[in-house]
$ cat structure_10.tsv   # TSV, C-alpha atoms and all ligand atoms
chain	number	residue	atom	x	y	z
A	771	MET	CA	58.09	108.21	124.40
A	772	LEU	CA	55.37	106.26	122.64
A	773	ASN	CA	57.09	102.86	122.47
A	774	LEU	CA	54.89	100.14	121.02
A	775	VAL	CA	55.21	96.42	120.31
A	776	ILE	CA	53.25	94.96	117.44
A	777	TYR	CA	52.73	91.28	118.06
A	778	GLY	CA	51.10	88.39	116.18
A	779	PRO	CA	51.73	85.21	114.18
A	780	PRO	CA	53.61	85.19	110.85
A	781	GLY	CA	51.26	86.59	108.20
A	782	SER	CA	49.16	88.60	110.69
A	783	GLY	CA	50.17	91.92	109.10
A	784	LYS	CA	52.76	93.10	111.64
A	785	GLY	CA	54.98	94.65	108.95
A	786	THR	CA	52.14	96.44	107.17
A	787	HIS	CA	50.61	97.82	110.35
A	788	SER	CA	53.92	98.82	111.88
A	789	LYS	CA	54.69	100.95	108.83
A	790	LEU	CA	51.28	102.64	108.98
A	791	LEU	CA	51.62	103.30	112.73
A	792	ALA	CA	55.18	104.56	112.36
A	793	LYS	CA	53.93	107.13	109.85
A	794	ARG	CA	50.88	108.17	111.85
A	795	TYR	CA	52.60	108.53	115.24
A	796	ASN	CA	56.07	109.47	113.96
A	797	LEU	CA	57.76	106.35	115.34
A	798	PHE	CA	61.04	104.65	114.51
A	799	HIS	CA	60.08	101.30	112.99
A	800	ILE	CA	62.30	98.40	114.02
A	801	SER	CA	61.61	95.30	111.99
A	802	PHE	CA	63.81	92.79	113.71
A	803	GLY	CA	63.47	90.27	110.87
A	804	ASP	CA	64.49	92.90	108.27
A	805	PHE	CA	67.43	93.96	110.41
A	806	LEU	CA	68.65	90.34	110.67
A	807	ARG	CA	68.02	89.62	106.96
A	808	THR	CA	70.07	92.69	105.97
A	809	GLU	CA	72.98	91.47	108.10
A	810	LYS	CA	72.71	88.05	106.45
A	811	GLU	CA	72.75	89.56	102.95
A	812	LYS	CA	75.68	91.84	103.82
A	813	LYS	CA	77.52	88.71	105.01
A	814	SER	CA	78.75	90.63	108.05
A	815	SER	CA	80.18	88.59	110.93
A	816	LEU	CA	76.77	88.84	112.60
A	817	GLY	CA	75.12	87.83	109.30
A	818	ILE	CA	77.25	84.70	108.98
A	819	LEU	CA	76.47	83.77	112.58
A	820	ILE	CA	72.69	84.08	112.20
A	821	GLU	CA	72.25	82.72	108.65
A	822	PRO	CA	71.53	79.09	109.68
A	823	TYR	CA	68.78	80.23	112.06
A	824	LEU	CA	67.11	82.45	109.47
A	825	ASN	CA	67.27	79.75	106.80
A	826	ALA	CA	65.63	77.25	109.14
A	827	GLY	CA	63.04	79.71	110.49
A	828	LYS	CA	64.50	79.17	113.96
A	829	LEU	CA	64.84	81.88	116.54
A	830	VAL	CA	68.24	83.52	116.76
A	831	PRO	CA	69.61	82.93	120.31
A	832	ASP	CA	68.68	85.62	122.84
A	833	ARG	CA	72.32	86.45	123.61
A	834	ILE	CA	72.81	87.65	120.00
A	835	VAL	CA	69.39	89.26	119.85
A	836	PHE	CA	69.98	91.37	122.99
A	837	ASN	CA	73.26	92.70	121.57
A	838	CYS	CA	71.38	93.77	118.45
A	839	LEU	CA	68.59	95.35	120.52
A	840	ARG	CA	71.04	97.42	122.56
A	841	LYS	CA	72.70	98.67	119.35
A	842	ILE	CA	69.34	99.55	117.81
A	843	LEU	CA	68.17	101.41	120.91
A	844	ASP	CA	71.38	103.46	120.89
A	845	ILE	CA	70.40	104.94	117.53
A	846	LYS	CA	69.84	108.65	117.96
A	847	THR	CA	66.42	109.53	116.62
A	848	SER	CA	64.16	112.56	116.65
A	849	LYS	CA	61.09	110.32	116.45
A	850	GLN	CA	58.42	110.09	119.16
A	851	GLY	CA	59.29	106.50	120.08
A	852	PHE	CA	59.96	103.01	118.71
A	853	ILE	CA	57.64	100.46	117.20
A	854	PHE	CA	59.00	96.93	117.63
A	855	ASP	CA	57.91	94.54	114.89
A	856	GLY	CA	59.02	90.92	115.35
A	857	PHE	CA	60.31	91.57	118.84
A	858	PRO	CA	59.82	90.04	121.40
A	859	ARG	CA	59.55	86.44	120.23
A	860	THR	CA	60.09	84.80	123.63
A	861	LEU	CA	59.15	85.63	127.22
A	862	GLU	CA	62.85	86.19	127.96
A	863	GLN	CA	62.99	88.74	125.14
A	864	ALA	CA	59.87	90.48	126.49
A	865	LYS	CA	61.47	90.73	129.94
A	866	GLY	CA	64.78	91.81	128.37
A	867	LEU	CA	63.05	94.57	126.41
A	868	THR	CA	61.46	95.93	129.61
A	869	LYS	CA	64.83	95.86	131.36
A	870	ILE	CA	66.89	97.38	128.53
A	871	MET	CA	64.34	100.17	128.01
A	872	GLU	CA	64.38	100.91	131.74
A	873	GLU	CA	68.18	101.09	131.67
A	874	LYS	CA	67.79	103.75	129.01
A	875	GLY	CA	65.31	105.68	131.15
A	876	ASP	CA	62.37	104.82	128.93
A	877	SER	CA	59.53	102.28	128.92
A	878	LEU	CA	57.30	100.27	126.67
A	879	LYS	CA	53.78	101.71	126.60
A	880	LEU	CA	51.60	99.16	124.81
A	881	THR	CA	51.60	95.82	123.00
A	882	ILE	CA	49.13	95.44	120.15
A	883	ASP	CA	48.39	91.79	119.47
A	884	LEU	CA	47.11	91.20	115.92
A	885	SER	CA	44.85	88.24	116.43
A	886	VAL	CA	44.10	86.12	113.34
A	887	ASN	CA	43.26	82.44	113.16
A	888	LYS	CA	45.63	79.90	111.62
A	889	THR	CA	43.63	79.41	108.40
A	890	CYS	CA	43.72	83.15	107.77
A	891	TYR	CA	47.42	83.70	108.37
A	892	LEU	CA	48.41	80.63	106.35
A	893	GLN	CA	46.35	81.99	103.44
A	894	ARG	CA	48.03	85.37	103.76
A	895	ILE	CA	51.52	83.86	103.68
A	896	GLU	CA	50.60	81.85	100.59
A	897	ALA	CA	49.00	84.86	98.93
A	898	ARG	CA	52.17	86.99	99.05
A	899	SER	CA	53.02	87.41	95.37
A	900	PRO	CA	56.16	85.55	94.19
A	901	ASP	CA	58.02	88.90	93.80
A	902	ASN	CA	57.00	89.87	97.27
A	903	GLN	CA	57.63	86.50	98.82
A	904	ARG	CA	60.52	86.17	101.21
A	905	GLU	CA	62.98	83.29	100.93
A	906	ASP	CA	61.75	81.93	104.25
A	907	ASP	CA	58.11	81.95	103.03
A	908	LYS	CA	58.94	79.62	100.15
A	909	ILE	CA	59.97	76.59	102.18
A	910	LYS	CA	57.11	74.79	103.90
A	911	GLU	CA	59.22	73.49	106.79
A	912	THR	CA	60.58	76.97	107.52
A	913	VAL	CA	57.09	78.46	107.60
A	914	GLU	CA	55.95	75.65	109.92
A	915	GLN	CA	58.93	76.21	112.17
A	916	ARG	CA	58.12	79.93	112.48
A	917	ILE	CA	54.50	79.13	113.28
A	918	ASN	CA	55.49	76.52	115.87
A	919	SER	CA	57.82	78.93	117.58
A	920	TYR	CA	54.98	81.50	117.69
A	921	ILE	CA	52.60	78.93	119.21
A	922	ALA	CA	55.17	77.79	121.77
A	923	ASN	CA	55.91	81.33	122.98
A	924	SER	CA	52.75	83.38	122.55
A	925	LYS	CA	50.88	82.35	125.71
A	926	GLY	CA	53.75	83.37	128.00
A	927	ILE	CA	54.32	86.68	126.22
A	928	ILE	CA	50.61	87.58	126.24
A	929	ARG	CA	50.26	86.68	129.93
A	930	TYR	CA	53.31	88.82	130.73
A	931	TYR	CA	51.99	91.94	128.97
A	932	LYS	CA	48.48	91.44	130.39
A	933	ARG	CA	49.98	91.34	133.86
A	934	LEU	CA	51.83	94.59	133.16
A	935	ASN	CA	48.55	96.06	131.86
A	936	LYS	CA	50.21	96.81	128.53
A	937	TYR	CA	48.23	94.53	126.26
A	938	LYS	CA	45.53	95.15	123.63
A	939	ARG	CA	44.16	92.46	121.38
A	940	ILE	CA	42.91	93.47	117.94
A	941	PHE	CA	40.96	91.04	115.78
A	942	ALA	CA	42.78	91.55	112.50
A	943	HIS	CA	40.74	89.54	109.99
A	944	GLN	CA	39.28	92.66	108.37
A	945	THR	CA	40.77	94.89	105.69
A	946	LYS	CA	44.03	96.72	106.29
A	947	GLU	CA	42.16	100.04	106.63
A	948	ILE	CA	39.64	98.80	109.22
A	949	THR	CA	42.32	97.08	111.27
A	950	HIS	CA	44.48	100.21	111.16
A	951	GLN	CA	41.59	102.34	112.42
A	952	GLN	CA	40.90	99.90	115.24
A	953	ILE	CA	44.53	99.96	116.31
A	954	CYS	CA	44.63	103.77	116.26
A	955	GLN	CA	41.48	103.96	118.40
A	956	ARG	CA	43.13	101.69	120.95
A	957	VAL	CA	46.40	103.63	120.91
A	958	ASP	CA	44.60	106.99	121.20
A	959	SER	CA	42.29	105.82	124.00
A	960	PHE	CA	45.23	104.40	125.91
A	961	PHE	CA	46.71	107.89	126.12
A	962	LYS	CA	43.54	109.81	126.98
B	1	LIG	P1	60.37	87.86	110.61
B	1	LIG	O1	60.71	88.70	109.41
B	1	LIG	O2	59.98	88.71	111.79
B	1	LIG	O3	59.36	86.79	110.30
B	1	LIG	O4	61.70	87.11	111.06
B	1	LIG	C1	62.42	86.28	110.16
B	1	LIG	C2	63.41	85.43	110.92
B	1	LIG	O5	64.34	86.23	111.64
B	1	LIG	C3	62.79	84.52	111.97
B	1	LIG	O6	62.31	83.31	111.41
B	1	LIG	C4	63.98	84.28	112.91
B	1	LIG	O7	64.91	83.37	112.33
B	1	LIG	C5	64.65	85.64	112.91
B	1	LIG	N1	64.11	86.55	113.95
B	1	LIG	C6	63.33	87.65	113.75
B	1	LIG	N2	63.03	88.26	114.90
B	1	LIG	C7	63.64	87.51	115.87
B	1	LIG	C8	63.70	87.63	117.30
B	1	LIG	N3	63.09	88.61	117.97
B	1	LIG	N4	64.39	86.69	117.98
B	1	LIG	C9	65.03	85.68	117.33
B	1	LIG	N5	65.01	85.52	116.01
B	1	LIG	C10	64.32	86.43	115.27

$ encode --input "structure_10.tsv" --output "structure tokens"
Amino acid sequence: MLNLVIYGPPGSGKGTHSKLLAKRYNLFHISFGDFLRTEKEKKSSLGILIEPYLNAGKLVPDRIVFNCLRKILDIKTSKQGFIFDGFPRTLEQAKGLTKIMEEKGDSLKLTIDLSVNKTCYLQRIEARSPDNQREDDKIKETVEQRINSYIANSKGIIRYYKRLNKYKRIFAHQTKEITHQQICQRVDSFFK
């Protein structure tokens, strides 16, 4: 199965590019943030448990996250694989993803890292139109918290995937179309 991770800081375009890749390669798109936000809005028991973390822009504890991941990966799908958007966020999650996929007789094939500098991704977060803006984009401290957690965790995650030889960095400052093409070239060449 063509299982991909799309990685990058908040505002790097993970959501946009995951959707495009899901369509092009017939993948099941898992936006972890969307999944958690839906639970929060539904006020399910999981939603009530995770609400404080989402409101503060803090990472939901791994114990809860792994339960969600197992449930998601149990979904029966006729797609060609999964695209993980917003997962992993920590080295432990990256290792957990490898392990849980192995348990299911599958494996992660490639991590695409959308590389954009801080000025660029801050501008992109600010530029999201008010209608389009998420609750957690409106509060400066929450945005900062999400960025800090990215900075604290990214080196370890990148090193881990490089070591596994499952890492491709894409410089994603260009237009959506150009970046999409660059990603597809990398994905296609990986499988040649
Ligand atoms: P996102 O939409 O990916 O920016 O995620 C929004 C919020 O959901 C984050 O600020 C975290 O509170 C939570 N979240 C999303 N993905 C994860 C994850 N993999 N691990 C822990 N918390 C997460």

$ residues_near_ligand --input "structure_10.tsv" --ligand "ligand LIG 1 (chain B)" --cutoff "9 Å" --atoms "all atoms listed in the file" --output "PDB file with C-alpha atoms, keeping the file's coordinate frame"
ATOM      1  CA  PRO A 779      51.730  85.210 114.180  1.00  0.00           C
ATOM      2  CA  PRO A 780      53.610  85.190 110.850  1.00  0.00           C
ATOM      3  CA  GLY A 781      51.260  86.590 108.200  1.00  0.00           C
ATOM      4  CA  LYS A 784      52.760  93.100 111.640  1.00  0.00           C
ATOM      5  CA  GLY A 785      54.980  94.650 108.950  1.00  0.00           C
ATOM      6  CA  SER A 801      61.610  95.300 111.990  1.00  0.00           C
ATOM      7  CA  PHE A 802      63.810  92.790 113.710  1.00  0.00           C
ATOM      8  CA  GLY A 803      63.470  90.270 110.870  1.00  0.00           C
ATOM      9  CA  ASP A 804      64.490  92.900 108.270  1.00  0.00           C
ATOM     10  CA  PHE A 805      67.430  93.960 110.410  1.00  0.00           C
ATOM     11  CA  LEU A 806      68.650  90.340 110.670  1.00  0.00           C
ATOM     12  CA  ARG A 807      68.020  89.620 106.960  1.00  0.00           C
ATOM     13  CA  ILE A 820      72.690  84.080 112.200  1.00  0.00           C
ATOM     14  CA  GLU A 821      72.250  82.720 108.650  1.00  0.00           C
ATOM     15  CA  PRO A 822      71.530  79.090 109.680  1.00  0.00           C
ATOM     16  CA  TYR A 823      68.780  80.230 112.060  1.00  0.00           C
ATOM     17  CA  LEU A 824      67.110  82.450 109.470  1.00  0.00           C
ATOM     18  CA  ASN A 825      67.270  79.750 106.800  1.00  0.00           C
ATOM     19  CA  ALA A 826      65.630  77.250 109.140  1.00  0.00           C
ATOM     20  CA  GLY A 827      63.040  79.710 110.490  1.00  0.00           C
ATOM     21  CA  LYS A 828      64.500  79.170 113.960  1.00  0.00           C
ATOM     22  CA  LEU A 829      64.840  81.880 116.540  1.00  0.00           C
ATOM     23  CA  VAL A 830      68.240  83.520 116.760  1.00  0.00           C
ATOM     24  CA  PRO A 831      69.610  82.930 120.310  1.00  0.00           C
ATOM     25  CA  ASP A 832      68.680  85.620 122.840  1.00  0.00           C
ATOM     26  CA  ILE A 834      72.810  87.650 120.000  1.00  0.00           C
ATOM     27  CA  VAL A 835      69.390  89.260 119.850  1.00  0.00           C
ATOM     28  CA  PHE A 836      69.980  91.370 122.990  1.00  0.00           C
ATOM     29  CA  ASP A 855      57.910  94.540 114.890  1.00  0.00           C
ATOM     30  CA  GLY A 856      59.020  90.920 115.350  1.00  0.00           C
ATOM     31  CA  PHE A 857      60.310  91.570 118.840  1.00  0.00           C
ATOM     32  CA  PRO A 858      59.820  90.040 121.400  1.00  0.00           C
ATOM     33  CA  ARG A 859      59.550  86.440 120.230  1.00  0.00           C
ATOM     34  CA  THR A 860      60.090  84.800 123.630  1.00  0.00           C
ATOM     35  CA  GLN A 863      62.990  88.740 125.140  1.00  0.00           C
ATOM     36  CA  ARG A 904      60.520  86.170 101.210  1.00  0.00           C
ATOM     37  CA  ASP A 906      61.750  81.930 104.250  1.00  0.00           C
ATOM     38  CA  ASP A 907      58.110  81.950 103.030  1.00  0.00           C
ATOM     39  CA  THR A 912      60.580  76.970 107.520  1.00  0.00           C
ATOM     40  CA  VAL A 913      57.090  78.460 107.600  1.00  0.00           C
ATOM     41  CA  GLN A 915      58.930  76.210 112.170  1.00  0.00           C
ATOM     42  CA  ARG A 916      58.120  79.930 112.480  1.00  0.00           C
ATOM     43  CA  SER A 919      57.820  78.930 117.580  1.00  0.00           C
TER      44      SER A 919
END

$ closest_residue --input "structure_10.tsv" --among "A:Leu867, A:Ile853, A:Ala792, A:Leu880" --to "Cys838 of chain A" --atoms "all atoms listed in the file"
A:Leu867

$ atom_distance --input "structure_10.tsv" --atom1 "atom CA of Gly783 of chain A" --atom2 "atom CA of Leu934 of chain A"
24.3 Å

$ residues_near_point --input "structure_10.tsv" --point "(60.5, 92.4, 133.2)" --cutoff "12 Å" --atoms "only C-alpha atoms" --output "NGL selection string"
:A and (861-873 or 877-878 or 927 or 930-931 or 933-934)

$ atom_distance --input "structure_10.tsv" --atom1 "atom CA of Ile882 of chain A" --atom2 "atom CA of Ile953 of chain A"
7.5 Å

$ atom_distance --input "structure_10.tsv" --atom1 "atom CA of Ala897 of chain A" --atom2 "atom CA of Thr949 of chain A"
18.6 Å

$ closest_residue --input "structure_10.tsv" --among "A:His943, A:Lys910, A:Lys813, A:Lys849" --to "Asn887 of chain A" --atoms "all atoms listed in the file"
A:His943

$ closest_residue --input "structure_10.tsv" --among "A:Lys874, A:Thr808, A:Lys793, A:Tyr920" --to "Arg840 of chain A" --atoms "all atoms listed in the file"
A:Lys874
